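Participant: Supplied structure: target24.txt, compact mmCIF, N, CA and C atoms.
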# COMPACT_ATOMS: atom_id res chain seq x y z
N MET G 1 -7.01 9.98 0.74
CA MET G 1 -5.72 9.72 1.34
C MET G 1 -5.09 10.99 1.88
N GLY G 2 -5.87 12.04 2.00
CA GLY G 2 -5.35 13.26 2.59
C GLY G 2 -4.80 14.26 1.60
N LEU G 3 -4.76 13.95 0.31
CA LEU G 3 -4.27 14.90 -0.68
C LEU G 3 -5.41 15.82 -1.12
N SER G 4 -5.08 17.07 -1.40
CA SER G 4 -6.11 17.99 -1.88
C SER G 4 -6.56 17.56 -3.27
N ASN G 5 -7.77 17.99 -3.64
CA ASN G 5 -8.31 17.64 -4.97
C ASN G 5 -7.41 18.14 -6.09
N HIS G 6 -6.76 19.28 -5.88
CA HIS G 6 -5.85 19.82 -6.88
C HIS G 6 -4.73 18.83 -7.18
N TRP G 7 -4.11 18.26 -6.14
CA TRP G 7 -3.01 17.29 -6.33
C TRP G 7 -3.52 16.02 -6.97
N VAL G 8 -4.67 15.57 -6.57
CA VAL G 8 -5.24 14.35 -7.16
C VAL G 8 -5.46 14.54 -8.65
N LYS G 9 -6.00 15.71 -9.04
CA LYS G 9 -6.22 15.99 -10.47
C LYS G 9 -4.90 16.03 -11.23
N LEU G 10 -3.87 16.67 -10.64
CA LEU G 10 -2.56 16.73 -11.30
C LEU G 10 -1.97 15.33 -11.50
N ILE G 11 -2.07 14.49 -10.47
CA ILE G 11 -1.53 13.12 -10.57
C ILE G 11 -2.30 12.34 -11.62
N ASN G 12 -3.62 12.43 -11.61
CA ASN G 12 -4.43 11.71 -12.61
C ASN G 12 -4.12 12.18 -14.01
N GLN G 13 -3.87 13.47 -14.17
CA GLN G 13 -3.54 13.99 -15.50
C GLN G 13 -2.21 13.41 -15.99
N CYS G 14 -1.23 13.32 -15.09
CA CYS G 14 0.06 12.73 -15.48
C CYS G 14 -0.09 11.28 -15.88
N VAL G 15 -0.95 10.56 -15.20
CA VAL G 15 -1.12 9.14 -15.47
C VAL G 15 -1.97 8.90 -16.71
N SER G 16 -3.03 9.69 -16.90
CA SER G 16 -3.98 9.42 -17.97
C SER G 16 -3.61 10.02 -19.32
N THR G 17 -2.66 10.95 -19.36
CA THR G 17 -2.33 11.59 -20.64
C THR G 17 -1.10 10.99 -21.31
N VAL G 18 -0.54 9.93 -20.75
CA VAL G 18 0.64 9.31 -21.34
C VAL G 18 0.27 8.59 -22.64
N SER G 19 1.18 8.62 -23.61
CA SER G 19 0.99 7.84 -24.84
C SER G 19 2.36 7.29 -25.26
N TYR G 20 2.33 6.24 -26.05
CA TYR G 20 3.56 5.57 -26.48
C TYR G 20 3.61 5.54 -27.99
N SER G 21 4.83 5.45 -28.51
CA SER G 21 5.05 5.30 -29.94
C SER G 21 6.07 4.20 -30.13
N VAL G 22 5.91 3.43 -31.19
CA VAL G 22 6.83 2.34 -31.49
C VAL G 22 7.69 2.77 -32.68
N ILE G 23 9.00 2.47 -32.60
CA ILE G 23 9.89 2.75 -33.71
C ILE G 23 10.12 1.46 -34.48
N LEU G 24 9.79 1.48 -35.77
CA LEU G 24 9.94 0.31 -36.63
C LEU G 24 10.86 0.70 -37.78
N ASN G 25 11.95 -0.03 -37.93
CA ASN G 25 12.95 0.27 -38.97
C ASN G 25 13.42 1.72 -38.92
N GLY G 26 13.58 2.25 -37.69
CA GLY G 26 14.11 3.60 -37.50
C GLY G 26 13.10 4.71 -37.62
N SER G 27 11.83 4.40 -37.86
CA SER G 27 10.80 5.45 -37.99
C SER G 27 9.67 5.20 -37.01
N PRO G 28 9.20 6.27 -36.33
CA PRO G 28 8.06 6.10 -35.43
C PRO G 28 6.78 5.80 -36.22
N ILE G 29 5.99 4.87 -35.69
CA ILE G 29 4.72 4.53 -36.36
C ILE G 29 3.57 4.73 -35.38
N GLY G 30 2.93 5.85 -35.43
CA GLY G 30 1.73 6.12 -34.65
C GLY G 30 1.93 6.14 -33.14
N PHE G 31 0.89 6.57 -32.47
CA PHE G 31 0.87 6.64 -31.01
C PHE G 31 -0.29 5.79 -30.50
N PHE G 32 -0.14 5.27 -29.30
CA PHE G 32 -1.24 4.57 -28.65
C PHE G 32 -1.20 4.87 -27.17
N GLN G 33 -2.37 4.76 -26.52
CA GLN G 33 -2.46 5.01 -25.07
C GLN G 33 -2.69 3.69 -24.36
N PRO G 34 -2.02 3.51 -23.22
CA PRO G 34 -2.23 2.27 -22.46
C PRO G 34 -3.65 2.23 -21.90
N GLU G 35 -4.17 1.02 -21.74
CA GLU G 35 -5.53 0.87 -21.23
C GLU G 35 -5.59 0.61 -19.74
N ARG G 36 -4.45 0.33 -19.13
CA ARG G 36 -4.42 0.06 -17.69
C ARG G 36 -3.51 1.07 -17.02
N GLY G 37 -3.31 0.93 -15.71
CA GLY G 37 -2.52 1.87 -14.93
C GLY G 37 -1.06 1.93 -15.30
N LEU G 38 -0.27 2.44 -14.39
CA LEU G 38 1.16 2.62 -14.63
C LEU G 38 1.88 1.29 -14.75
N ARG G 39 2.85 1.26 -15.61
CA ARG G 39 3.70 0.08 -15.77
C ARG G 39 4.98 0.26 -14.97
N GLN G 40 5.64 -0.86 -14.69
CA GLN G 40 6.94 -0.78 -14.03
C GLN G 40 7.89 0.00 -14.94
N GLY G 41 8.73 0.80 -14.33
CA GLY G 41 9.68 1.57 -15.10
C GLY G 41 9.18 2.95 -15.48
N TYR G 42 7.89 3.21 -15.29
CA TYR G 42 7.36 4.54 -15.57
C TYR G 42 7.97 5.51 -14.56
N PRO G 43 8.53 6.64 -15.00
CA PRO G 43 9.26 7.53 -14.09
C PRO G 43 8.44 8.05 -12.91
N PHE G 44 7.13 8.08 -13.05
CA PHE G 44 6.27 8.61 -11.98
C PHE G 44 5.96 7.56 -10.90
N SER G 45 6.15 6.28 -11.24
CA SER G 45 5.78 5.19 -10.32
C SER G 45 6.41 5.29 -8.93
N PRO G 46 7.72 5.53 -8.81
CA PRO G 46 8.30 5.59 -7.47
C PRO G 46 7.70 6.69 -6.60
N TYR G 47 7.34 7.81 -7.23
CA TYR G 47 6.77 8.91 -6.46
C TYR G 47 5.36 8.58 -5.96
N LEU G 48 4.57 7.93 -6.81
CA LEU G 48 3.24 7.50 -6.37
C LEU G 48 3.35 6.47 -5.26
N TYR G 49 4.32 5.55 -5.38
CA TYR G 49 4.53 4.56 -4.33
C TYR G 49 4.87 5.25 -3.01
N ILE G 50 5.76 6.23 -3.06
CA ILE G 50 6.17 6.94 -1.84
C ILE G 50 4.98 7.67 -1.21
N ILE G 51 4.17 8.34 -2.03
CA ILE G 51 3.00 9.05 -1.51
C ILE G 51 2.03 8.09 -0.83
N CYS G 52 1.72 6.98 -1.49
CA CYS G 52 0.78 6.01 -0.93
C CYS G 52 1.35 5.32 0.31
N SER G 53 2.60 4.92 0.26
CA SER G 53 3.22 4.23 1.39
C SER G 53 3.34 5.14 2.61
N LYS G 54 3.66 6.39 2.37
CA LYS G 54 3.76 7.35 3.47
C LYS G 54 2.42 7.51 4.16
N ASP G 55 1.36 7.59 3.37
CA ASP G 55 0.02 7.71 3.94
C ASP G 55 -0.34 6.47 4.75
N LEU G 56 -0.08 5.30 4.19
CA LEU G 56 -0.38 4.05 4.89
C LEU G 56 0.41 3.96 6.19
N SER G 57 1.70 4.23 6.13
CA SER G 57 2.55 4.14 7.30
C SER G 57 2.14 5.16 8.38
N SER G 58 1.86 6.38 7.97
CA SER G 58 1.45 7.42 8.93
C SER G 58 0.17 7.03 9.65
N TYR G 59 -0.78 6.49 8.92
CA TYR G 59 -2.04 6.12 9.54
C TYR G 59 -1.86 4.96 10.52
N ILE G 60 -1.11 3.95 10.14
CA ILE G 60 -0.86 2.82 11.04
C ILE G 60 -0.14 3.32 12.30
N ASN G 61 0.84 4.22 12.13
CA ASN G 61 1.54 4.79 13.29
C ASN G 61 0.58 5.57 14.20
N SER G 62 -0.35 6.30 13.60
CA SER G 62 -1.30 7.07 14.43
C SER G 62 -2.23 6.14 15.21
N LEU G 63 -2.63 5.02 14.60
CA LEU G 63 -3.45 4.04 15.32
C LEU G 63 -2.69 3.47 16.52
N GLN G 64 -1.41 3.23 16.33
CA GLN G 64 -0.58 2.71 17.41
C GLN G 64 -0.43 3.75 18.53
N LYS G 65 -0.16 4.99 18.18
CA LYS G 65 0.01 6.05 19.18
C LYS G 65 -1.26 6.29 19.98
N LYS G 66 -2.42 6.13 19.34
CA LYS G 66 -3.70 6.32 20.03
C LYS G 66 -4.08 5.11 20.88
N GLY G 67 -3.32 4.03 20.76
CA GLY G 67 -3.62 2.83 21.53
C GLY G 67 -4.70 1.97 20.90
N ILE G 68 -5.05 2.25 19.65
CA ILE G 68 -6.09 1.48 18.95
C ILE G 68 -5.52 0.18 18.40
N LEU G 69 -4.24 0.20 18.04
CA LEU G 69 -3.56 -0.96 17.46
C LEU G 69 -2.32 -1.27 18.28
N GLU G 70 -2.17 -2.53 18.68
CA GLU G 70 -0.99 -2.95 19.43
C GLU G 70 -0.07 -3.75 18.53
N GLY G 71 1.18 -3.31 18.43
CA GLY G 71 2.17 -4.03 17.64
C GLY G 71 2.81 -5.14 18.46
N ILE G 72 3.92 -5.65 17.97
CA ILE G 72 4.66 -6.69 18.68
C ILE G 72 6.07 -6.20 18.97
N LYS G 73 6.72 -6.86 19.92
CA LYS G 73 8.12 -6.57 20.23
C LYS G 73 8.92 -7.83 19.96
N VAL G 74 10.10 -7.66 19.36
CA VAL G 74 10.93 -8.82 19.08
C VAL G 74 11.73 -9.24 20.29
N CYS G 75 11.89 -8.34 21.26
CA CYS G 75 12.49 -8.67 22.54
C CYS G 75 11.99 -7.65 23.57
N LYS G 76 12.28 -7.89 24.83
CA LYS G 76 11.72 -7.11 25.93
C LYS G 76 11.92 -5.60 25.78
N ASP G 77 13.11 -5.14 25.46
CA ASP G 77 13.40 -3.71 25.40
C ASP G 77 13.27 -3.10 24.01
N ALA G 78 12.79 -3.85 23.05
CA ALA G 78 12.68 -3.35 21.67
C ALA G 78 11.44 -2.46 21.53
N PRO G 79 11.47 -1.55 20.57
CA PRO G 79 10.25 -0.76 20.31
C PRO G 79 9.17 -1.65 19.69
N GLU G 80 7.94 -1.23 19.84
CA GLU G 80 6.82 -1.97 19.27
C GLU G 80 6.82 -1.80 17.75
N MET G 81 6.59 -2.89 17.04
CA MET G 81 6.60 -2.88 15.58
C MET G 81 5.19 -3.21 15.07
N THR G 82 4.71 -2.42 14.11
CA THR G 82 3.38 -2.67 13.55
C THR G 82 3.39 -3.02 12.07
N HIS G 83 4.43 -2.56 11.34
CA HIS G 83 4.43 -2.82 9.90
C HIS G 83 5.81 -2.62 9.28
N LEU G 84 6.00 -3.29 8.16
CA LEU G 84 7.16 -3.10 7.29
C LEU G 84 6.62 -3.02 5.87
N LEU G 85 7.05 -2.00 5.11
CA LEU G 85 6.56 -1.83 3.75
C LEU G 85 7.71 -1.98 2.77
N PHE G 86 7.49 -2.77 1.73
CA PHE G 86 8.45 -2.98 0.66
C PHE G 86 7.78 -2.62 -0.66
N ALA G 87 8.53 -2.60 -1.75
CA ALA G 87 7.96 -2.21 -3.04
C ALA G 87 6.79 -3.10 -3.45
N GLU G 88 6.90 -4.38 -3.24
CA GLU G 88 5.85 -5.31 -3.66
C GLU G 88 5.09 -5.95 -2.51
N ASP G 89 5.56 -5.76 -1.29
CA ASP G 89 4.97 -6.46 -0.16
C ASP G 89 4.78 -5.52 1.03
N SER G 90 3.79 -5.84 1.84
CA SER G 90 3.56 -5.14 3.10
C SER G 90 3.36 -6.19 4.18
N LEU G 91 4.03 -6.01 5.31
CA LEU G 91 3.88 -6.92 6.43
C LEU G 91 3.30 -6.14 7.60
N PHE G 92 2.27 -6.68 8.24
CA PHE G 92 1.64 -6.05 9.40
C PHE G 92 1.79 -6.97 10.59
N PHE G 93 2.09 -6.38 11.73
CA PHE G 93 2.31 -7.14 12.96
C PHE G 93 1.40 -6.59 14.05
N SER G 94 0.79 -7.49 14.80
CA SER G 94 -0.02 -7.04 15.94
C SER G 94 -0.18 -8.18 16.92
N LYS G 95 -0.57 -7.81 18.12
CA LYS G 95 -0.94 -8.84 19.09
C LYS G 95 -2.20 -9.51 18.58
N THR G 96 -2.36 -10.77 18.93
CA THR G 96 -3.47 -11.56 18.40
C THR G 96 -4.75 -11.28 19.18
N THR G 97 -5.44 -10.23 18.74
CA THR G 97 -6.77 -9.93 19.30
C THR G 97 -7.71 -9.65 18.14
N SER G 98 -8.98 -9.88 18.36
CA SER G 98 -9.98 -9.59 17.33
C SER G 98 -9.99 -8.10 16.99
N GLN G 99 -9.80 -7.25 18.01
CA GLN G 99 -9.81 -5.81 17.79
C GLN G 99 -8.66 -5.40 16.86
N ASN G 100 -7.44 -5.89 17.11
CA ASN G 100 -6.30 -5.55 16.26
C ASN G 100 -6.52 -6.02 14.83
N PHE G 101 -7.02 -7.23 14.68
CA PHE G 101 -7.30 -7.74 13.34
C PHE G 101 -8.32 -6.86 12.62
N GLN G 102 -9.39 -6.50 13.31
CA GLN G 102 -10.45 -5.68 12.71
C GLN G 102 -9.94 -4.30 12.31
N VAL G 103 -9.09 -3.70 13.15
CA VAL G 103 -8.53 -2.38 12.85
C VAL G 103 -7.70 -2.44 11.57
N ILE G 104 -6.82 -3.44 11.46
CA ILE G 104 -5.99 -3.57 10.26
C ILE G 104 -6.86 -3.85 9.04
N LYS G 105 -7.80 -4.76 9.17
CA LYS G 105 -8.68 -5.11 8.05
C LYS G 105 -9.47 -3.90 7.57
N ASP G 106 -10.07 -3.15 8.50
CA ASP G 106 -10.86 -1.98 8.13
C ASP G 106 -10.01 -0.93 7.41
N TYR G 107 -8.81 -0.70 7.93
CA TYR G 107 -7.99 0.32 7.29
C TYR G 107 -7.50 -0.13 5.92
N LEU G 108 -7.14 -1.40 5.77
CA LEU G 108 -6.70 -1.87 4.46
C LEU G 108 -7.81 -1.75 3.41
N GLN G 109 -9.05 -2.01 3.83
CA GLN G 109 -10.17 -1.83 2.91
C GLN G 109 -10.31 -0.37 2.50
N LYS G 110 -10.19 0.54 3.46
CA LYS G 110 -10.27 1.98 3.17
C LYS G 110 -9.10 2.39 2.27
N TYR G 111 -7.92 1.92 2.57
CA TYR G 111 -6.73 2.25 1.79
C TYR G 111 -6.89 1.79 0.34
N CYS G 112 -7.43 0.59 0.15
CA CYS G 112 -7.63 0.08 -1.21
C CYS G 112 -8.64 0.93 -1.98
N LEU G 113 -9.71 1.34 -1.33
CA LEU G 113 -10.69 2.20 -1.99
C LEU G 113 -10.09 3.55 -2.36
N ASP G 114 -9.32 4.13 -1.45
CA ASP G 114 -8.73 5.45 -1.68
C ASP G 114 -7.61 5.42 -2.72
N SER G 115 -6.80 4.37 -2.72
CA SER G 115 -5.61 4.35 -3.58
C SER G 115 -5.85 3.66 -4.92
N GLY G 116 -6.92 2.88 -5.02
CA GLY G 116 -7.17 2.13 -6.24
C GLY G 116 -6.37 0.83 -6.30
N LYS G 117 -5.65 0.52 -5.24
CA LYS G 117 -4.88 -0.73 -5.20
C LYS G 117 -5.80 -1.86 -4.73
N GLU G 118 -5.38 -3.09 -4.99
CA GLU G 118 -6.13 -4.24 -4.54
C GLU G 118 -5.21 -5.22 -3.84
N ILE G 119 -5.75 -5.93 -2.86
CA ILE G 119 -4.99 -6.96 -2.16
C ILE G 119 -5.17 -8.26 -2.93
N ASN G 120 -4.06 -8.94 -3.21
CA ASN G 120 -4.12 -10.24 -3.87
C ASN G 120 -4.20 -11.30 -2.76
N PHE G 121 -5.41 -11.78 -2.49
CA PHE G 121 -5.60 -12.72 -1.38
C PHE G 121 -4.99 -14.09 -1.67
N GLU G 122 -4.75 -14.40 -2.95
CA GLU G 122 -4.10 -15.67 -3.28
C GLU G 122 -2.62 -15.65 -2.88
N LYS G 123 -2.04 -14.46 -2.81
CA LYS G 123 -0.64 -14.33 -2.42
C LYS G 123 -0.49 -13.83 -0.98
N SER G 124 -1.59 -13.70 -0.27
CA SER G 124 -1.57 -13.19 1.10
C SER G 124 -1.66 -14.33 2.09
N GLY G 125 -1.19 -14.08 3.28
CA GLY G 125 -1.26 -15.10 4.31
C GLY G 125 -1.30 -14.48 5.69
N ILE G 126 -1.57 -15.31 6.67
CA ILE G 126 -1.58 -14.87 8.05
C ILE G 126 -0.85 -15.92 8.88
N LEU G 127 0.02 -15.47 9.73
CA LEU G 127 0.80 -16.38 10.58
C LEU G 127 0.58 -16.01 12.04
N PHE G 128 0.55 -17.03 12.89
CA PHE G 128 0.39 -16.83 14.32
C PHE G 128 1.58 -17.41 15.06
N SER G 129 1.84 -16.87 16.22
CA SER G 129 2.89 -17.40 17.09
C SER G 129 2.54 -18.83 17.48
N ARG G 130 3.57 -19.62 17.82
CA ARG G 130 3.32 -21.00 18.26
C ARG G 130 2.50 -21.07 19.53
N LYS G 131 2.49 -19.97 20.30
CA LYS G 131 1.77 -19.96 21.57
C LYS G 131 0.28 -19.71 21.41
N ILE G 132 -0.17 -19.39 20.22
CA ILE G 132 -1.58 -19.10 19.97
C ILE G 132 -2.31 -20.41 19.64
N PRO G 133 -3.40 -20.71 20.37
CA PRO G 133 -4.15 -21.93 20.07
C PRO G 133 -4.75 -21.88 18.65
N GLU G 134 -4.87 -23.03 18.00
CA GLU G 134 -5.34 -23.09 16.62
C GLU G 134 -6.76 -22.56 16.44
N HIS G 135 -7.63 -22.74 17.39
CA HIS G 135 -9.01 -22.29 17.20
C HIS G 135 -9.07 -20.78 17.19
Would you mind writing the file out in structure tokens?
Facilitator:
Amino acid sequence: MGLSNHWVKLINQCVSTVSYSVILNGSPIGFFQPERGLRQGYPFSPYLYIICSKDLSSYINSLQKKGILEGIKVCKDAPEMTHLLFAEDSLFFSKTTSQNFQVIKDYLQKYCLDSGKEINFEKSGILFSRKIPEH
């Protein structure tokens, strides 16, 4: 994702060295380490989200500037829009061509491999304009 190996190691160390302790009747009882990634509310989570989202957004913008990906316009004089990113959701917009679809698909696959994130296809969808034939 463009980060140097030094930064990647520092981030992994912050994530992998965390441990938790439970307080029972006012006394701590042992420590344990989580077996999965970051949980919501972890202080480092927003920063990792910003780093990953910035990378995703920058790359999509560069594809648009190079003319590889065509976004959509909401009206004649509006700027072209290619994506909107939210904490839990990402929306991608493009003209309906096989090339645009392939560009987005290829990059999302690369992004998932690089970031360790996964796309939940059960919660994903694709919408077309009414002017696009069903086939």
Participant: Which residues of segment 83-135 of chain G sit at most 7 Å from segment 49-69 of chain G, using all atoms listed in the file? Give each one's shortest atom pair and distance in Å (one decimal place), in chain and ascending residue order, as a tab-separated table.
Facilitator:
residue	atom	partner	partner_atom	distance
G:Ser94	CA	G:Leu69	C	6.6
G:Lys95	N	G:Leu69	C	6.8
G:Gln99	C	G:Ile68	C	6.6
G:Asn100	CA	G:Leu69	CA	5.5
G:Val103	CA	G:Ile68	C	6.8
Participant: Keeping N, CA and C atoms, export the residues of the selection given above as a tab-separated table (two decimals), keeping the file's coordinate frame.
Facilitator:
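After the write, part_13.tsv holds the following:
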chain	number	residue	atom	x	y	z
G	94	SER	N	0.79	-7.49	14.80
G	94	SER	CA	-0.02	-7.04	15.94
G	94	SER	C	-0.18	-8.18	16.92
G	95	LYS	N	-0.57	-7.81	18.12
G	95	LYS	CA	-0.94	-8.84	19.09
G	95	LYS	C	-2.20	-9.51	18.58
G	99	GLN	N	-9.80	-7.25	18.01
G	99	GLN	CA	-9.81	-5.81	17.79
G	99	GLN	C	-8.66	-5.40	16.86
G	100	ASN	N	-7.44	-5.89	17.11
G	100	ASN	CA	-6.30	-5.55	16.26
G	100	ASN	C	-6.52	-6.02	14.83
G	103	VAL	N	-9.09	-3.70	13.15
G	103	VAL	CA	-8.53	-2.38	12.85
G	103	VAL	C	-7.70	-2.44	11.57
Participant: What parts of chain G does DSSP call strand (DSSP E or B)? I'd like the answer as a PyMOL selection string.
Facilitator: chain G and resi 20-24+27-32+72+81+83-85+90-92
Participant: Can you tell me, as a list in words, what residues are no more than 12 Å from Gly125 of chain G when counting only C-alpha atoms, ignoring any on the same chain fewer than 6 positions away?
Facilitator: Asp89, Ser90, Leu91, Phe92 and Ile119 of chain G
Participant: If you run DSSP on this backbone, which residues of segment 90-124 of chain G come out as alpha helix (DSSP H), and could you give them as a list in words?
Facilitator: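 The alpha helix (DSSP H) residues within segment 90-124 of chain G come out as Ser98, Gln99, Asn100, Phe101, Gln102, Val103, Ile104, Lys105, Asp106, Tyr107, Leu108, Gln109, Lys110, Tyr111, Cys112, Leu113, Asp114 and Ser115 of chain G.
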Participant: Which is closest to Pro46 of chain G among G:Leu24, G:Ala87, G:Met81, G:Cys75, if we use only C-alpha atoms?
Facilitator: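 Ranked by minimum distance to Pro46 of chain G, first place goes to G:Ala87.
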Participant: Could you state the separation of atom CA of Asn120 of chain G and atom CA of Thr96 of chain G in Å, given to one decimal place?
Facilitator: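 So the two atoms, atom CA of Asn120 of chain G and atom CA of Thr96 of chain G, lie 22.3 Å apart.
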Participant: Could you work out an axis-aligned box for segment 59-73 of chain G, taking every atom the file lists and adding 8 Å on each side, and report centre and edge lengths in Å to one decimal, as JSON?
Facilitator:
{"center_x": 1.4, "center_y": -0.4, "center_z": 15.2, "size_x": 31.0, "size_y": 30.9, "size_z": 28.6}
Participant: Generate the coordinates of all heavy atoms for segment 89-98 of chain G; report them as a PDB file, keeping the file's coordinate frame.
Facilitator:
ATOM      1  N   ASP G  89       5.560  -5.760  -1.290  1.00  0.00           N
ATOM      2  CA  ASP G  89       4.970  -6.460  -0.160  1.00  0.00           C
ATOM      3  C   ASP G  89       4.780  -5.520   1.030  1.00  0.00           C
ATOM      4  O   ASP G  89       5.530  -4.568   1.203  1.00  0.00           O
ATOM      5  CB  ASP G  89       5.869  -7.620   0.291  1.00  0.00           C
ATOM      6  CG  ASP G  89       6.053  -8.657  -0.794  1.00  0.00           C
ATOM      7  OD1 ASP G  89       5.040  -9.189  -1.260  1.00  0.00           O
ATOM      8  OD2 ASP G  89       7.211  -8.926  -1.166  1.00  0.00           O
ATOM      9  N   SER G  90       3.790  -5.840   1.840  1.00  0.00           N
ATOM     10  CA  SER G  90       3.560  -5.140   3.100  1.00  0.00           C
ATOM     11  C   SER G  90       3.360  -6.190   4.180  1.00  0.00           C
ATOM     12  O   SER G  90       2.633  -7.163   3.978  1.00  0.00           O
ATOM     13  CB  SER G  90       2.312  -4.261   3.019  1.00  0.00           C
ATOM     14  OG  SER G  90       2.444  -3.306   2.001  1.00  0.00           O
ATOM     15  N   LEU G  91       4.030  -6.010   5.310  1.00  0.00           N
ATOM     16  CA  LEU G  91       3.880  -6.920   6.430  1.00  0.00           C
ATOM     17  C   LEU G  91       3.300  -6.140   7.600  1.00  0.00           C
ATOM     18  O   LEU G  91       3.780  -5.042   7.925  1.00  0.00           O
ATOM     19  CB  LEU G  91       5.236  -7.494   6.838  1.00  0.00           C
ATOM     20  CG  LEU G  91       6.013  -8.250   5.769  1.00  0.00           C
ATOM     21  CD1 LEU G  91       7.397  -8.626   6.291  1.00  0.00           C
ATOM     22  CD2 LEU G  91       5.254  -9.485   5.334  1.00  0.00           C
ATOM     23  N   PHE G  92       2.270  -6.680   8.240  1.00  0.00           N
ATOM     24  CA  PHE G  92       1.640  -6.050   9.400  1.00  0.00           C
ATOM     25  C   PHE G  92       1.790  -6.970  10.590  1.00  0.00           C
ATOM     26  O   PHE G  92       1.612  -8.175  10.469  1.00  0.00           O
ATOM     27  CB  PHE G  92       0.164  -5.751   9.118  1.00  0.00           C
ATOM     28  CG  PHE G  92      -0.026  -4.781   7.996  1.00  0.00           C
ATOM     29  CD1 PHE G  92      -0.201  -5.226   6.697  1.00  0.00           C
ATOM     30  CD2 PHE G  92       0.010  -3.416   8.228  1.00  0.00           C
ATOM     31  CE1 PHE G  92      -0.347  -4.336   5.653  1.00  0.00           C
ATOM     32  CE2 PHE G  92      -0.130  -2.516   7.182  1.00  0.00           C
ATOM     33  CZ  PHE G  92      -0.308  -2.979   5.901  1.00  0.00           C
ATOM     34  N   PHE G  93       2.090  -6.380  11.730  1.00  0.00           N
ATOM     35  CA  PHE G  93       2.310  -7.140  12.960  1.00  0.00           C
ATOM     36  C   PHE G  93       1.400  -6.590  14.050  1.00  0.00           C
ATOM     37  O   PHE G  93       1.268  -5.382  14.201  1.00  0.00           O
ATOM     38  CB  PHE G  93       3.761  -6.992  13.442  1.00  0.00           C
ATOM     39  CG  PHE G  93       4.783  -7.323  12.400  1.00  0.00           C
ATOM     40  CD1 PHE G  93       5.358  -6.329  11.631  1.00  0.00           C
ATOM     41  CD2 PHE G  93       5.174  -8.638  12.190  1.00  0.00           C
ATOM     42  CE1 PHE G  93       6.302  -6.618  10.659  1.00  0.00           C
ATOM     43  CE2 PHE G  93       6.115  -8.939  11.221  1.00  0.00           C
ATOM     44  CZ  PHE G  93       6.684  -7.930  10.454  1.00  0.00           C
ATOM     45  N   SER G  94       0.790  -7.490  14.800  1.00  0.00           N
ATOM     46  CA  SER G  94      -0.020  -7.040  15.940  1.00  0.00           C
ATOM     47  C   SER G  94      -0.180  -8.180  16.920  1.00  0.00           C
ATOM     48  O   SER G  94       0.052  -9.349  16.593  1.00  0.00           O
ATOM     49  CB  SER G  94      -1.397  -6.554  15.485  1.00  0.00           C
ATOM     50  OG  SER G  94      -2.211  -7.638  15.101  1.00  0.00           O
ATOM     51  N   LYS G  95      -0.570  -7.810  18.120  1.00  0.00           N
ATOM     52  CA  LYS G  95      -0.940  -8.840  19.090  1.00  0.00           C
ATOM     53  C   LYS G  95      -2.200  -9.510  18.580  1.00  0.00           C
ATOM     54  O   LYS G  95      -3.016  -8.910  17.884  1.00  0.00           O
ATOM     55  CB  LYS G  95      -1.165  -8.209  20.456  1.00  0.00           C
ATOM     56  CG  LYS G  95       0.120  -7.696  21.060  1.00  0.00           C
ATOM     57  CD  LYS G  95      -0.045  -7.324  22.498  1.00  0.00           C
ATOM     58  CE  LYS G  95       1.310  -6.900  23.039  1.00  0.00           C
ATOM     59  NZ  LYS G  95       1.236  -6.458  24.406  1.00  0.00           N
ATOM     60  N   THR G  96      -2.360 -10.770  18.930  1.00  0.00           N
ATOM     61  CA  THR G  96      -3.470 -11.560  18.400  1.00  0.00           C
ATOM     62  C   THR G  96      -4.750 -11.280  19.180  1.00  0.00           C
ATOM     63  O   THR G  96      -5.076 -11.961  20.140  1.00  0.00           O
ATOM     64  CB  THR G  96      -3.128 -13.060  18.469  1.00  0.00           C
ATOM     65  OG1 THR G  96      -1.845 -13.253  17.890  1.00  0.00           O
ATOM     66  CG2 THR G  96      -4.136 -13.881  17.702  1.00  0.00           C
ATOM     67  N   THR G  97      -5.440 -10.230  18.740  1.00  0.00           N
ATOM     68  CA  THR G  97      -6.770  -9.930  19.300  1.00  0.00           C
ATOM     69  C   THR G  97      -7.710  -9.650  18.140  1.00  0.00           C
ATOM     70  O   THR G  97      -7.286  -9.197  17.072  1.00  0.00           O
ATOM     71  CB  THR G  97      -6.749  -8.702  20.228  1.00  0.00           C
ATOM     72  OG1 THR G  97      -6.453  -7.536  19.457  1.00  0.00           O
ATOM     73  CG2 THR G  97      -5.735  -8.859  21.351  1.00  0.00           C
ATOM     74  N   SER G  98      -8.980  -9.880  18.360  1.00  0.00           N
ATOM     75  CA  SER G  98      -9.980  -9.590  17.330  1.00  0.00           C
ATOM     76  C   SER G  98      -9.990  -8.100  16.990  1.00  0.00           C
ATOM     77  O   SER G  98     -10.145  -7.719  15.834  1.00  0.00           O
ATOM     78  CB  SER G  98     -11.377 -10.000  17.803  1.00  0.00           C
ATOM     79  OG  SER G  98     -11.420 -11.384  18.001  1.00  0.00           O
TER      80      SER G  98
END
